[in-house]
Structure formats: C-alpha cells, structure tokens
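Trainee: Quick one: this structure, given as structure tokens, is what I'll be asking you about.
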Amino acid sequence: MGLRDTLEKHNIPIPEDFDERLDIIVAGLKRKSSYKQKLEKFKKHHPTSGPHGSRGGAEPDPVAPPIIPDKEDFLGPRLRWFLTAVTSPYARTMLQGIFMVVFFISYLEKIPLFGSILSASLDVILAGGKTLVKSVQSVLPAAIGMIPLPYASMVGIAMAAIFGMIVWPIFAIISLSRQDFVAAIESYIRMIPPPIGDMLANTFLEGNRAVARIDEKRIKLGNDIANALNQISQLADSVSSAMKEGFESLAKQTQEAAAKASDMMNKARSSIPPMPTAPPMPTMPTMPTMPTSTESQQATIPVAPSPAPASALDRLRSQKTGFSLPKLRKGGFHRRTRRKTWRTKTRRTSEKL
C-alpha cells in the first residue's frame, strides 16, 4: 500500500499535482542531481505554491478556537474568543503591542511559576478589596447619619460615592488586564453612586450567571437530542435487519412446511386402495306397445254418448227449493202502445162474480 492509498483510505484530500510533488520530495531525500532542476520547474508552473500552502511560504490562516463555556460566566469566554478569532496574522502583529500593555497581567500569569503565584495573590486581593469596599459603602452613610448635624446622611452617601469612584476603577483596570471582563464590567458599573450602582451591578451578575446556565442547558439538551436520534436510528436499523431476517426465516419455514405437507398428501393418496367397481343393474322388461291409430282406439274402447245440456229453467225445476216458477199464459197487446207483450190475463170483476 502506497502513500496515495493510505491518504485515500483515511479520506484525506489529494491535490492534482500530488505525483509531481511526491517525485520532488523523493528526489530531495535521495539527493539526486535533478532535484534543484525539478524544484525550479515546479516553481515556474506553480508560482503561488510554497512549502506551507498556496501563499508562497506564508502561514495558513489560524482557525478560531472553540468556545470553552463556563457555567458561572457567559460573557467572559465569548469576549476572549472574539479577541482570538478576529485577529488575523497581520493584525495580530500590530495589536500585539497594544494587548501587551492592556492585558499585561494576563501575560504575566502565563509564566509557569511566577504566574501561578501572581494569579492567586490577585484573586485574594480583589476578593478582599471588593468585600471591603462594599462594606464601607453600605456602612458609611449610616455611620455619618448618626452625627447630629443637618444633612449628615446626604454627606455620608456622597462620601461613599466618592470612595467608590476612587477604588472601583482600580479593580476594573486590574480585572481588565487579567482578561476578567465580567469583573471589570462589574467594577465599572459600581462606580455609579449607590444604591443605583449596586442594583445595576447585581442585576448584571445575576443575568450573566443565568444566561450561562441556560446556555449550558441548551448545549446539553442539543447533545441529548442528537444522542437520542442516533440511538433511534441505530435501533431502527437493528429492528429492520432483525425483521428482515425473521421474514426470510419465516418464508423458508413456510416453504419447507408446504413441501412436507405435499409429500404427506401424495403418500396418503398412494396408500388409499382403489374403489371396487359396482355390479351392473338388472334391466326391466319392456312394456307392450299400445296401438297409436285413432281407429283402433275407437274400435276397442266404446264411447258413451254425451247427454244434452239442460236449460236454466230445467235446472231450476230440478232443484228442491221453496220457489216455484209462475205458470206461463198466453200474451196479448199493450193497451196504449199496441205492442205485443207477454202478460198474464186477469179476470174481470164481472167474471169473478
């Protein structure tokens, strides 16, 4: 495996002129006479290239360092990262002298032994000095106000404000020189006369601490969500692969069971004896045929004479009912119309008598 194969295996980008560069390096290591000639030829074809990249020997741009969060401080790490990120190689050279003056104590604290001692001493001095100044500013107005003089309390408040304006800038300069930006901002805010300055400074500290904690929770929540999504994706992949294997095994088992069932059915069918043939059924004798001609039927079968149909009057007379039909008599002509009509003759009264 060569150098190119190794770079491709680790997904390292390979330039187009990789072979030419490698040839020059090998020629230089073997101290060949053609090394200088190949190098000059390479420089002519690639005038902007150099040993450190594509800027003719200049160092590549520095990559901004990652932000190191602090759960008690939100603004400080961001400002320190900003100072390192925005300074280019050229601007860093010009600003380095200014930074050496402004952040002089921070450079002293980087010295191995002296820096640790200086850092611990400054921490003790600043912590004790801030506590002392806060105590003096809170006690001085009440102590001066006990003097039985007019406007004594106002004088005490003014003396506390003047004392803070003298001491707090010193703490601010020291904190700024140590690159402790939060403590420096707090000291500058406390230069405002109390109680307004104290209220604003406490609000700034609490807000900075709260934002730092929220930012820490945000980062943790993002990491938890990313881990959960990765676990879900891995679980889905494992479940899908397990389901695929299960379905494949189930299909194989089904095919095997179907093959076994078909073999068993074939064996059962082959073991069943054939059914015996049934004996033929006896045939019935045929009936004698009757003559089909009408003449023969008339000759052999006598036909009874059909009776004449009876009239309606005869049918009524034959019925045994209490109704009797009137007797028919001779008819005559109608008196007015002179038409012939059937009617019963009535006797005259004279004849009756």
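A note on labels: chains of the structure tokens are A, B, ... as shown, every chain counts residues from 1, and ligands are counted from 1 in their shown order.
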Name all residues at most 12 Å from A:Tyr188 (count only C-alpha atoms; drop same-chain ones fewer than 3 positions away) and give them as JSON, numbers by chain.

Mentor: {"A": [164, 165, 166, 167, 168, 169, 170, 171, 172, 173, 174, 175, 176, 181, 182, 183, 184, 185, 191, 192, 193, 197, 198, 200, 201, 204]}

Trainee: Using C-alpha atoms, can you export the residues from the last selection as a compact mmCIF listing (two decimals), in the first residue's frame?

Mentor:
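Listing of out-v6.txt after writing:
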```
# COMPACT_ATOMS: atom_id res chain seq x y z
CA GLY A 164 -16.28 54.05 45.22
CA MET A 165 -15.28 56.27 42.31
CA ILE A 166 -11.68 56.12 43.51
CA VAL A 167 -11.40 52.41 44.37
CA TRP A 168 -13.63 50.69 41.79
CA PRO A 169 -11.69 51.92 38.71
CA ILE A 170 -8.53 50.34 40.18
CA PHE A 171 -10.30 46.99 40.48
CA ALA A 172 -11.69 47.44 36.97
CA ILE A 173 -8.26 48.08 35.44
CA ILE A 174 -6.73 45.10 37.23
CA SER A 175 -9.59 42.80 36.15
CA LEU A 176 -9.39 44.04 32.56
CA PHE A 181 -14.11 41.01 31.60
CA VAL A 182 -17.12 40.30 33.82
CA ALA A 183 -15.34 41.53 36.96
CA ALA A 184 -14.13 44.60 35.06
CA ILE A 185 -17.65 45.46 33.85
CA MET A 191 -18.60 53.43 40.06
CA ILE A 192 -22.18 54.72 39.87
CA PRO A 193 -23.22 56.03 43.32
CA GLY A 197 -24.80 51.27 41.05
CA ASP A 198 -25.15 48.30 43.39
CA LEU A 200 -27.30 47.55 38.35
CA ALA A 201 -24.16 45.55 39.19
CA PHE A 204 -25.71 42.30 35.61
```

Trainee: Using only C-alpha atoms, can you tell me which of A:Arg190, A:Lys244, A:Arg78, A:Lys71 comes closest to A:Ala210?

Mentor: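 Counting only C-alpha atoms, the residue closest to A:Ala210 is A:Lys71.
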